[in-house]
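Q: Encoded as structure tokens, here's the structure I'll be asking about.
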Amino acid sequence: ARGSGSGAVAMAVAWRAAPRAAARLLLGRRGIASCIDPSTGLTEDQKEFQKVALDFAAKEMAPYMAEWDEKEIFPVETMRKAAQLGFGGIYVKPDVGGSGLSRLDTSIIFEALSTGCTSTTAYMSIHNMCVWMIDTFGSEEQRRRFCPSLCSMEKFASYCLTEPGSGSDAASLLTSAQRKGDNYILNGSKAFISGGGDTDVYVVMCRTGGPGPKGISCLVLEKGMPGLSFGKKEKKVGWNSQPTRAVIFEDCVVPVGNRLGAEGQGFNIAMQGLNGGRINIASCSLGAAHASVLLAQEHLSVRKQFGEPLASNQFLQFKLAEMATRLLAARLMVRNAARALQDGREDAAVLCSMAKLFATDECFGICNQALQMHGGYGYLKDYAVQQFMRDIRVHQILEGTNEVMRMIVARNLLQG
């Protein structure tokens, strides 16, 4: 089936095979059930983007996913290979090295890549968000200085909003930037920063004015600036193929020319970035859930209990049907929100929040159910289903917790 998860079932075998055997196993391919075919409704161009991403996920990511997790490897060279396919700046303008694709195209690509390694794809989605913010809100000089090397992934970017004392209440952040002549003097710290310490560019939200969102500005920092340092590498449940550290500013000198937009515009820049980030991370959840449905489907077919394949058990049939239904519902919601964001619709922000809430909750449930269907095998690290479940658990927390997503939706419903 062209672009439709080609290789998906064979990939399911590779995920629990020895890495050396994985690449060979991925060469044998067959189609998937049409009801969960991720290519349904796509244009021919979108099917081609999807096929390229699925092939890359199958050959360059899935065979190494478990190793990257176990050894906590940040797969820089693999991501640079992905950037050669245009995945380093998917929705960035072409004049600075981006691919210039739509938000829907981006969602399709991240969903496909996430079937190979969700953790690595999730970092790539954050990197893409940072490059888009510079491309969209930066001056022409800033765009040309930063974007080309980020789109090629010669350099990598991190998004710095969360602080030790301000997570969901981002507008209360305390990191301060005092202007002195042509520089800002930055003091404070950021927490839970994906790529922190290993990346090259840091898009930082800081306080240049009074309290509240209107006092926040956005600065772009580069690794090596005096006063910029990093905390210890965090030990995490999942997302182990990307490092997470605190980012610390101690009298860090940042040129005024590194500010994105005007003073006081930072919170708006951060939130606009997050609207797309929520679609991106929801798309990564879709890929993990899709992979987990295929793993469960295969396991039910080959595993026997009481003299019959598990697939003959009606209770498990119903569970599998529910998983597929929830997957499709989540995918449709994410793609609808992606279209709304691309079109600049008034309801785009709330639709992004709804999609992120629904998709990350439902997809985690799908992965968890797939693990349960594997029984004891699902709890072994030889089987990829547990890694998909671990890697997407944090998607219900980051890019705005799902509790905050509920607040955004409720506020939208009640404000009239």
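Starting from 1 in every chain, residues are counted up; chains themselves are A, B, ... following the order of the structure tokens, and ligands are numbered from 1 as listed.
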Can you tell me, as a count of residues only, what residues are no more than 12 Å from segment 321-330 of chain A when counting only C-alpha atoms, ignoring any on the same chain fewer than 2 positions away?

A: 59

Q: Within segment 147-355 of chain A, find each residue whose DSSP state, derived from the backbone, is strand (DSSP E), and express the selection as number ranges by chain.

A: A: 157-160, 176-180, 183-194, 201-207, 216-222, 228-230, 244-255, 259-260, 304-305, 308-309

Q: Would you write out those residues with C-alpha atoms, as a CSV table (one decimal), in the first residue's frame?

A:
chain,number,residue,atom,x,y,z
A,157,ALA,CA,17.9,24.1,19.3
A,158,SER,CA,16.2,24.0,22.7
A,159,TYR,CA,13.1,25.8,24.0
A,160,CYS,CA,13.4,27.4,27.4
A,176,SER,CA,15.3,38.3,34.5
A,177,ALA,CA,17.1,40.3,31.7
A,178,GLN,CA,18.3,43.7,32.7
A,179,ARG,CA,19.3,45.9,29.7
A,180,LYS,CA,22.7,47.6,29.9
A,183,ASN,CA,23.3,44.0,26.0
A,184,TYR,CA,21.0,42.2,28.4
A,185,ILE,CA,22.3,40.7,31.6
A,186,LEU,CA,20.4,37.5,32.1
A,187,ASN,CA,20.0,35.8,35.5
A,188,GLY,CA,17.8,32.8,36.5
A,189,SER,CA,17.3,29.2,35.4
A,190,LYS,CA,15.1,27.0,33.3
A,191,ALA,CA,14.1,23.4,34.2
A,192,PHE,CA,13.4,20.3,32.1
A,193,ILE,CA,15.0,21.6,29.0
A,194,SER,CA,15.1,19.0,26.2
A,201,VAL,CA,20.9,27.5,20.4
A,202,TYR,CA,18.5,28.3,23.3
A,203,VAL,CA,15.3,30.2,22.7
A,204,VAL,CA,14.7,31.8,26.2
A,205,MET,CA,11.7,33.5,27.7
A,206,CYS,CA,12.8,36.1,30.3
A,207,ARG,CA,11.4,39.1,32.2
A,216,ILE,CA,8.3,38.9,29.1
A,217,SER,CA,10.7,39.0,26.1
A,218,CYS,CA,12.4,36.4,24.0
A,219,LEU,CA,16.2,36.1,23.6
A,220,VAL,CA,18.2,33.7,21.5
A,221,LEU,CA,21.3,32.4,23.3
A,222,GLU,CA,24.2,30.4,21.9
A,228,LEU,CA,25.5,30.1,30.4
A,229,SER,CA,25.8,26.8,32.2
A,230,PHE,CA,23.9,23.5,32.7
A,244,THR,CA,17.3,16.9,29.7
A,245,ARG,CA,19.1,19.4,32.0
A,246,ALA,CA,18.5,22.7,33.8
A,247,VAL,CA,19.8,25.7,31.9
A,248,ILE,CA,21.4,28.3,34.2
A,249,PHE,CA,22.1,32.0,33.6
A,250,GLU,CA,24.6,33.8,35.9
A,251,ASP,CA,25.2,37.4,34.7
A,252,CYS,CA,25.0,36.0,31.1
A,253,VAL,CA,25.6,38.7,28.6
A,254,VAL,CA,23.3,38.6,25.6
A,255,PRO,CA,23.4,41.2,22.8
A,259,ARG,CA,16.1,39.5,21.0
A,260,LEU,CA,13.2,38.1,18.9
A,304,LYS,CA,-1.5,-19.0,22.0
A,305,GLN,CA,-3.2,-19.7,25.3
A,308,GLU,CA,-6.0,-21.1,20.8
A,309,PRO,CA,-4.5,-17.9,19.4

Q: To one decimal place in Å, what is the distance between atom CA of Phe156 of chain A and atom CA of Ala384 of chain A?

A: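 Distance between the two atoms: 27.1 Å.
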
Q: Applying 8 Å and only C-alpha atoms, which residues near segment 93-104 of chain A remain after dropping the ones on its own chain fewer than 2 positions away? List them as a ChimeraX atom specification.

A: /A:86-91,106-108,135,143-144,147-148,151-152,276,335,338-339,341-342

Q: Among segment 185-370 of chain A, which residues does DSSP mark as helix (DSSP H, G or I) when it is run on the backbone? Keep the chain and numbering as in the structure and answer as a ChimeraX atom specification.

A: /A:213-215,256-258,266-302,310-312,314-343,348-370

Q: Using the selection just defined, write its residues with C-alpha atoms as a compact mmCIF listing (two decimals), in the first residue's frame.

A:
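Wrote result16.txt, looks like this:
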# COMPACT_ATOMS: atom_id res chain seq x y z
CA PRO A 213 2.85 38.12 30.45
CA LYS A 214 3.43 41.64 29.09
CA GLY A 215 6.77 41.87 30.89
CA VAL A 256 20.18 43.15 22.24
CA GLY A 257 20.47 41.98 18.62
CA ASN A 258 19.58 38.48 19.83
CA GLY A 266 7.98 37.12 24.36
CA PHE A 267 4.94 35.50 25.95
CA ASN A 268 2.95 35.81 22.74
CA ILE A 269 5.87 34.32 20.79
CA ALA A 270 6.09 31.44 23.28
CA MET A 271 2.37 30.69 23.10
CA GLN A 272 2.26 30.82 19.30
CA GLY A 273 5.17 28.39 19.23
CA LEU A 274 3.33 26.10 21.63
CA ASN A 275 0.17 25.99 19.50
CA GLY A 276 2.21 24.23 16.84
CA GLY A 277 4.20 22.34 19.46
CA ARG A 278 0.99 20.82 20.80
CA ILE A 279 0.10 19.52 17.34
CA ASN A 280 3.64 18.19 16.94
CA ILE A 281 3.71 16.31 20.23
CA ALA A 282 0.20 14.94 19.63
CA SER A 283 1.43 13.67 16.26
CA CYS A 284 4.33 11.92 17.97
CA SER A 285 1.78 10.23 20.24
CA LEU A 286 -0.16 9.06 17.17
CA GLY A 287 2.94 7.35 15.79
CA ALA A 288 3.62 5.52 19.04
CA ALA A 289 -0.01 4.42 19.31
CA HIS A 290 -0.11 3.28 15.68
CA ALA A 291 3.02 1.20 16.23
CA SER A 292 1.55 -0.26 19.42
CA VAL A 293 -1.68 -1.29 17.68
CA LEU A 294 0.39 -3.16 15.08
CA LEU A 295 2.48 -4.82 17.78
CA ALA A 296 -0.67 -5.91 19.62
CA GLN A 297 -2.25 -7.13 16.39
CA GLU A 298 0.77 -9.29 15.64
CA HIS A 299 1.10 -10.60 19.21
CA LEU A 300 -2.56 -11.67 19.33
CA SER A 301 -2.07 -13.55 16.08
CA VAL A 302 1.03 -15.52 17.12
CA LEU A 310 -5.21 -14.88 21.58
CA ALA A 311 -6.81 -13.36 18.48
CA SER A 312 -9.72 -15.78 18.85
CA GLN A 314 -13.59 -11.98 21.77
CA PHE A 315 -12.69 -9.80 24.75
CA LEU A 316 -9.27 -9.09 23.21
CA GLN A 317 -10.85 -8.58 19.79
CA PHE A 318 -13.08 -5.90 21.29
CA LYS A 319 -10.12 -4.27 23.05
CA LEU A 320 -8.17 -4.16 19.78
CA ALA A 321 -11.18 -2.67 18.02
CA GLU A 322 -11.44 0.03 20.69
CA MET A 323 -7.74 0.82 20.34
CA ALA A 324 -8.06 1.22 16.57
CA THR A 325 -11.14 3.41 16.96
CA ARG A 326 -9.48 5.69 19.49
CA LEU A 327 -6.39 5.94 17.29
CA LEU A 328 -8.41 7.02 14.28
CA ALA A 329 -10.45 9.53 16.31
CA ALA A 330 -7.27 11.07 17.71
CA ARG A 331 -5.65 11.26 14.27
CA LEU A 332 -8.67 13.01 12.77
CA MET A 333 -8.73 15.53 15.62
CA VAL A 334 -5.02 16.29 15.30
CA ARG A 335 -5.23 16.75 11.54
CA ASN A 336 -8.28 19.00 11.88
CA ALA A 337 -6.40 21.21 14.36
CA ALA A 338 -3.34 21.27 12.09
CA ARG A 339 -5.49 22.57 9.22
CA ALA A 340 -7.04 25.22 11.47
CA LEU A 341 -3.61 26.41 12.60
CA GLN A 342 -2.32 26.53 9.04
CA ASP A 343 -5.37 28.55 7.94
CA ALA A 348 -7.04 27.33 16.09
CA ALA A 349 -5.51 27.70 19.56
CA VAL A 350 -8.36 25.95 21.34
CA LEU A 351 -8.51 23.21 18.69
CA CYS A 352 -4.78 22.63 19.18
CA SER A 353 -5.39 22.32 22.92
CA MET A 354 -8.29 19.90 22.39
CA ALA A 355 -6.24 17.79 20.00
CA LYS A 356 -3.25 17.68 22.33
CA LEU A 357 -5.47 16.74 25.29
CA PHE A 358 -7.39 14.04 23.47
CA ALA A 359 -4.56 12.52 21.44
CA THR A 360 -2.00 12.29 24.22
CA ASP A 361 -4.50 10.82 26.69
CA GLU A 362 -5.96 8.34 24.22
CA CYS A 363 -2.64 7.31 22.70
CA PHE A 364 -1.10 6.64 26.09
CA GLY A 365 -4.12 4.43 26.86
CA ILE A 366 -3.60 2.58 23.57
CA CYS A 367 0.08 1.93 24.30
CA ASN A 368 -0.71 0.83 27.83
CA GLN A 369 -3.41 -1.56 26.59
CA ALA A 370 -1.03 -2.97 23.99

Q: For Leu161 of chain A, which residue out of A:Leu398, A:Ala83, A:Ala262, A:Ala58 is the nearest one, using only C-alpha atoms?

A: A:Leu398
